[in-house]
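J.: Just query14.pdb, nothing more (PDB, C-alpha atoms):
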```pdb
ATOM      1  CA  VAL A   1       0.000   0.000   0.000
ATOM      2  CA  GLN A   2       1.370   3.404  -0.959
ATOM      3  CA  LEU A   3       0.146   6.758   0.282
ATOM      4  CA  GLN A   4       0.695   9.803  -1.900
ATOM      5  CA  ALA A   5       0.288  13.156  -0.193
ATOM      6  CA  SER A   6       0.040  16.434  -2.060
ATOM      7  CA  GLY A   7      -1.172  19.994  -1.744
ATOM      8  CA  GLY A   8       1.512  21.605   0.360
ATOM      9  CA  GLY A   9       3.152  24.877  -0.512
ATOM     10  CA  LEU A  10       3.850  28.437   0.525
ATOM     11  CA  VAL A  11       0.920  30.496   1.744
ATOM     12  CA  GLN A  12       0.579  33.822   3.519
ATOM     13  CA  PRO A  13      -0.773  34.017   7.075
ATOM     14  CA  GLY A  14      -4.545  33.862   6.995
ATOM     15  CA  GLY A  15      -4.542  31.857   3.788
ATOM     16  CA  SER A  16      -5.815  28.369   3.017
ATOM     17  CA  LEU A  17      -4.482  25.122   1.666
ATOM     18  CA  LYS A  18      -6.032  21.727   1.061
ATOM     19  CA  LEU A  19      -3.922  18.621   1.468
ATOM     20  CA  SER A  20      -4.800  15.350  -0.198
ATOM     21  CA  CYS A  21      -3.641  11.816   0.409
ATOM     22  CA  ALA A  22      -4.666   8.811  -1.630
ATOM     23  CA  ALA A  23      -3.915   5.184  -0.956
ATOM     24  CA  SER A  24      -3.041   2.915  -3.838
ATOM     25  CA  GLY A  25      -1.996  -0.664  -4.300
ATOM     26  CA  ARG A  26      -3.542  -3.504  -2.348
ATOM     27  CA  ARG A  27      -7.061  -2.814  -1.155
ATOM     28  CA  ILE A  28      -7.239  -2.526   2.642
ATOM     29  CA  SER A  29     -10.005  -2.142   5.190
ATOM     30  CA  ILE A  30      -9.344   1.182   6.827
ATOM     31  CA  SER A  31     -10.148   1.792  10.465
ATOM     32  CA  SER A  32      -8.835   5.347  10.655
ATOM     33  CA  MET A  33      -7.100   8.023   8.607
ATOM     34  CA  GLY A  34      -5.258  11.024   9.905
ATOM     35  CA  TRP A  35      -2.764  13.786   9.501
ATOM     36  CA  TYR A  36       0.377  14.425  11.527
ATOM     37  CA  ARG A  37       2.884  17.230  11.244
ATOM     38  CA  GLN A  38       6.475  17.782  12.217
ATOM     39  CA  ALA A  39       8.111  21.171  12.443
ATOM     40  CA  PRO A  40      11.914  21.557  12.443
ATOM     41  CA  GLY A  41      13.352  20.589  15.808
ATOM     42  CA  LYS A  42      10.029  19.326  17.115
ATOM     43  CA  GLN A  43       8.410  15.969  17.532
ATOM     44  CA  ARG A  44       5.798  14.727  15.137
ATOM     45  CA  GLU A  45       2.333  15.517  16.447
ATOM     46  CA  LEU A  46      -1.144  14.337  15.641
ATOM     47  CA  VAL A  47      -3.157  17.061  13.939
ATOM     48  CA  THR A  48      -6.401  15.258  13.292
ATOM     49  CA  VAL A  49      -7.846  11.794  12.849
ATOM     50  CA  ILE A  50     -11.096  10.393  11.494
ATOM     51  CA  SER A  51     -12.411   6.920  12.184
ATOM     52  CA  SER A  52     -14.314   4.720   9.767
ATOM     53  CA  SER A  53     -17.490   5.675  11.614
ATOM     54  CA  GLY A  54     -16.809   9.358  11.050
ATOM     55  CA  PHE A  55     -15.608  10.284  14.524
ATOM     56  CA  THR A  56     -13.076  13.113  14.357
ATOM     57  CA  SER A  57     -10.529  14.519  16.756
ATOM     58  CA  TYR A  58      -8.411  17.635  16.380
ATOM     59  CA  LEU A  59      -5.353  19.162  17.973
ATOM     60  CA  ASP A  60      -6.599  22.057  20.107
ATOM     61  CA  SER A  61      -4.590  24.632  18.196
ATOM     62  CA  VAL A  62      -6.270  23.773  14.872
ATOM     63  CA  LYS A  63      -9.861  23.369  16.035
ATOM     64  CA  GLY A  64     -12.204  25.562  14.043
ATOM     65  CA  ARG A  65      -9.579  26.132  11.343
ATOM     66  CA  PHE A  66      -8.794  22.673   9.978
ATOM     67  CA  THR A  67     -11.258  20.089   8.673
ATOM     68  CA  ILE A  68     -10.553  16.461   7.849
ATOM     69  CA  SER A  69     -12.648  14.582   5.313
ATOM     70  CA  THR A  70     -12.487  11.338   3.394
ATOM     71  CA  ASP A  71     -13.538   9.775   0.122
ATOM     72  CA  ASN A  72     -13.949   6.121   0.946
ATOM     73  CA  ALA A  73     -14.397   5.119  -2.687
ATOM     74  CA  LYS A  74     -10.944   6.512  -3.433
ATOM     75  CA  ASN A  75      -9.350   5.548  -0.112
ATOM     76  CA  ALA A  76      -8.435   9.201   0.188
ATOM     77  CA  VAL A  77      -8.202  11.640   3.053
ATOM     78  CA  TYR A  78      -8.130  15.420   2.852
ATOM     79  CA  LEU A  79      -7.188  18.254   5.166
ATOM     80  CA  GLN A  80      -8.699  21.654   4.554
ATOM     81  CA  MET A  81      -6.619  24.239   6.383
ATOM     82  CA  ASN A  82      -7.981  27.759   6.783
ATOM     83  CA  SER A  83      -6.733  30.814   8.642
ATOM     84  CA  LEU A  84      -3.226  29.447   8.523
ATOM     85  CA  LYS A  85      -0.643  30.734  10.974
ATOM     86  CA  PRO A  86       3.163  30.693  10.825
ATOM     87  CA  GLU A  87       3.156  28.097  13.607
ATOM     88  CA  ASP A  88       1.280  25.722  11.285
ATOM     89  CA  SER A  89       4.411  25.487   9.136
ATOM     90  CA  ALA A  90       5.615  21.889   9.077
ATOM     91  CA  VAL A  91       5.879  18.769   7.014
ATOM     92  CA  TYR A  92       2.450  17.155   7.021
ATOM     93  CA  TYR A  93       2.124  13.384   6.859
ATOM     94  CA  CYS A  94      -0.949  11.310   6.219
ATOM     95  CA  ARG A  95      -1.433   8.063   8.049
ATOM     96  CA  VAL A  96      -3.799   5.186   7.450
ATOM     97  CA  THR A  97      -4.441   2.331   9.857
ATOM     98  CA  ASP A  98      -6.243  -0.837   8.875
ATOM     99  CA  TRP A  99      -8.312  -3.173  11.010
ATOM    100  CA  SER A 100      -5.258  -5.332  11.676
ATOM    101  CA  SER A 101      -3.617  -2.277  13.258
ATOM    102  CA  VAL A 102      -1.106  -2.020  10.437
ATOM    103  CA  THR A 103      -0.122   1.614   9.882
ATOM    104  CA  TYR A 104       0.883   3.165   6.581
ATOM    105  CA  TRP A 105       2.521   6.583   6.192
ATOM    106  CA  GLY A 106       2.655   9.009   3.307
ATOM    107  CA  GLN A 107       5.893  10.689   2.286
ATOM    108  CA  GLY A 108       5.041  14.108   3.684
ATOM    109  CA  THR A 109       4.194  17.413   2.099
ATOM    110  CA  LEU A 110       5.708  20.718   3.206
ATOM    111  CA  VAL A 111       3.486  23.581   4.331
ATOM    112  CA  THR A 112       5.105  26.959   4.842
ATOM    113  CA  VAL A 113       3.089  29.866   6.207
ATOM    114  CA  SER A 114       4.993  33.089   5.767
ATOM    115  CA  SER A 115       4.586  36.592   4.487
TER     116      SER A 115
END
```
What is this structure when it is put down as structure tokens?

T.:
Amino acid sequence: VQLQASGGGLVQPGGSLKLSCAASGRRISISSMGWYRQAPGKQRELVTVISSSGFTSYLDSVKGRFTISTDNAKNAVYLQMNSLKPEDSAVYYCRVTDWSSVTYWGQGTLVTVSS
């Protein structure tokens, strides 16, 4: 299973970006999909996760600004990021976990929020 993340880039503070991540290869039964991020010199942190039943959880600092969504037919997960702040700058990784608790990671996409 391969995860391909895209959508990162340079955006000004207050701007928006939408990240995408699609799974390809062997078909898997997904239990959850999520996004993590890692800023330089910091540990990777969970930004948001969505379960197969639609339950979502968000990092406090992104609540009300970021929205996770999925397209189950495409095995894809998206992250709509609005009102971006410089502290949101990081490499964003998508993660997919199947019902056997096997975890797959995307390659990361860089988001830079700067004027």

J.: Run through the PyMOL selection byres ((chain A and resi 99-106) around 6) on the given coordinates and return the selected residues as a list in words.

T.: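 On this input, the PyMOL selection byres ((chain A and resi 99-106) around 6) captures Leu3, Gln4, Ala5, Ser31, Tyr93, Cys94, Arg95, Val96, Thr97, Asp98, Gln107 and Gly108 of chain A.
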
J.: Which residues would end up in the selection if the PyMOL selection byres ((chain A and resi 76-89) around 6) were applied here, given that I need the answer as a PyMOL selection string?

T.: chain A and resi 13-22+65-71+74-75+90+111-114

J.: Please indicate the distance in Å from atom CA of Gln12 of chain A to atom CA of Thr56 of chain A, rounded to one decimal place.

T.: 27.1 Å

J.: Once the PyMOL selection byres ((chain A and resi 24) around 7) has been applied to the shown file, what residues remain in the selection, as a ChimeraX atom specification?

T.: /A:1-3,22-23,25-26

J.: Pick out the closest residue to Phe55 of chain A from this set: A:Ser115, A:Thr109, A:Ser32, A:Asn72. Count all atoms listed in the file.

T.: A:Ser32

J.: Go through A:Lys42, A:Thr48, A:Leu110, A:Ile28 and flag the residue nearest Gly64 of chain A, using only C-alpha atoms for the distances.

T.: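 Residue with the minimum atom-to-atom distance to Gly64 of chain A: A:Thr48.
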
J.: Between A:Ile30, A:Ala73, A:Gly41, A:Trp35, which has the minimum distance to Ser53 of chain A (counting only C-alpha atoms)?

T.: A:Ile30

J.: As an exercise, work out the distance from atom CA of Leu46 of chain A to atom CA of Met33 of chain A in Å and give it to one decimal place.

T.: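 Straight-line distance from atom CA of Leu46 of chain A to atom CA of Met33 of chain A works out to 11.2 Å.
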
J.: Work out how far atom CA of Ser61 of chain A is from atom CA of Gln43 of chain A, in Å to one decimal.

T.: 15.6 Å

J.: Pick from A:Leu59, A:Val91, A:Val49, A:Ala39: nearest to Gly9 of chain A, with all atoms listed in the file counted?

T.: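 Once distances to Gly9 of chain A are computed over all atoms listed in the file, the minimum belongs to A:Val91.
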
J.: Return the padded bounding box of segment 83-89 of chain A as lines of an AutoDock Vina configuration file: axis-aligned, built from all atoms listed in the file, 6 Å added on each side, with centre and edge lengths in Å to one decimal.

T.:
```
center_x = -1.2
center_y = 28.2
center_z = 11.1
size_x = 23.1
size_y = 17.3
size_z = 17.1
```
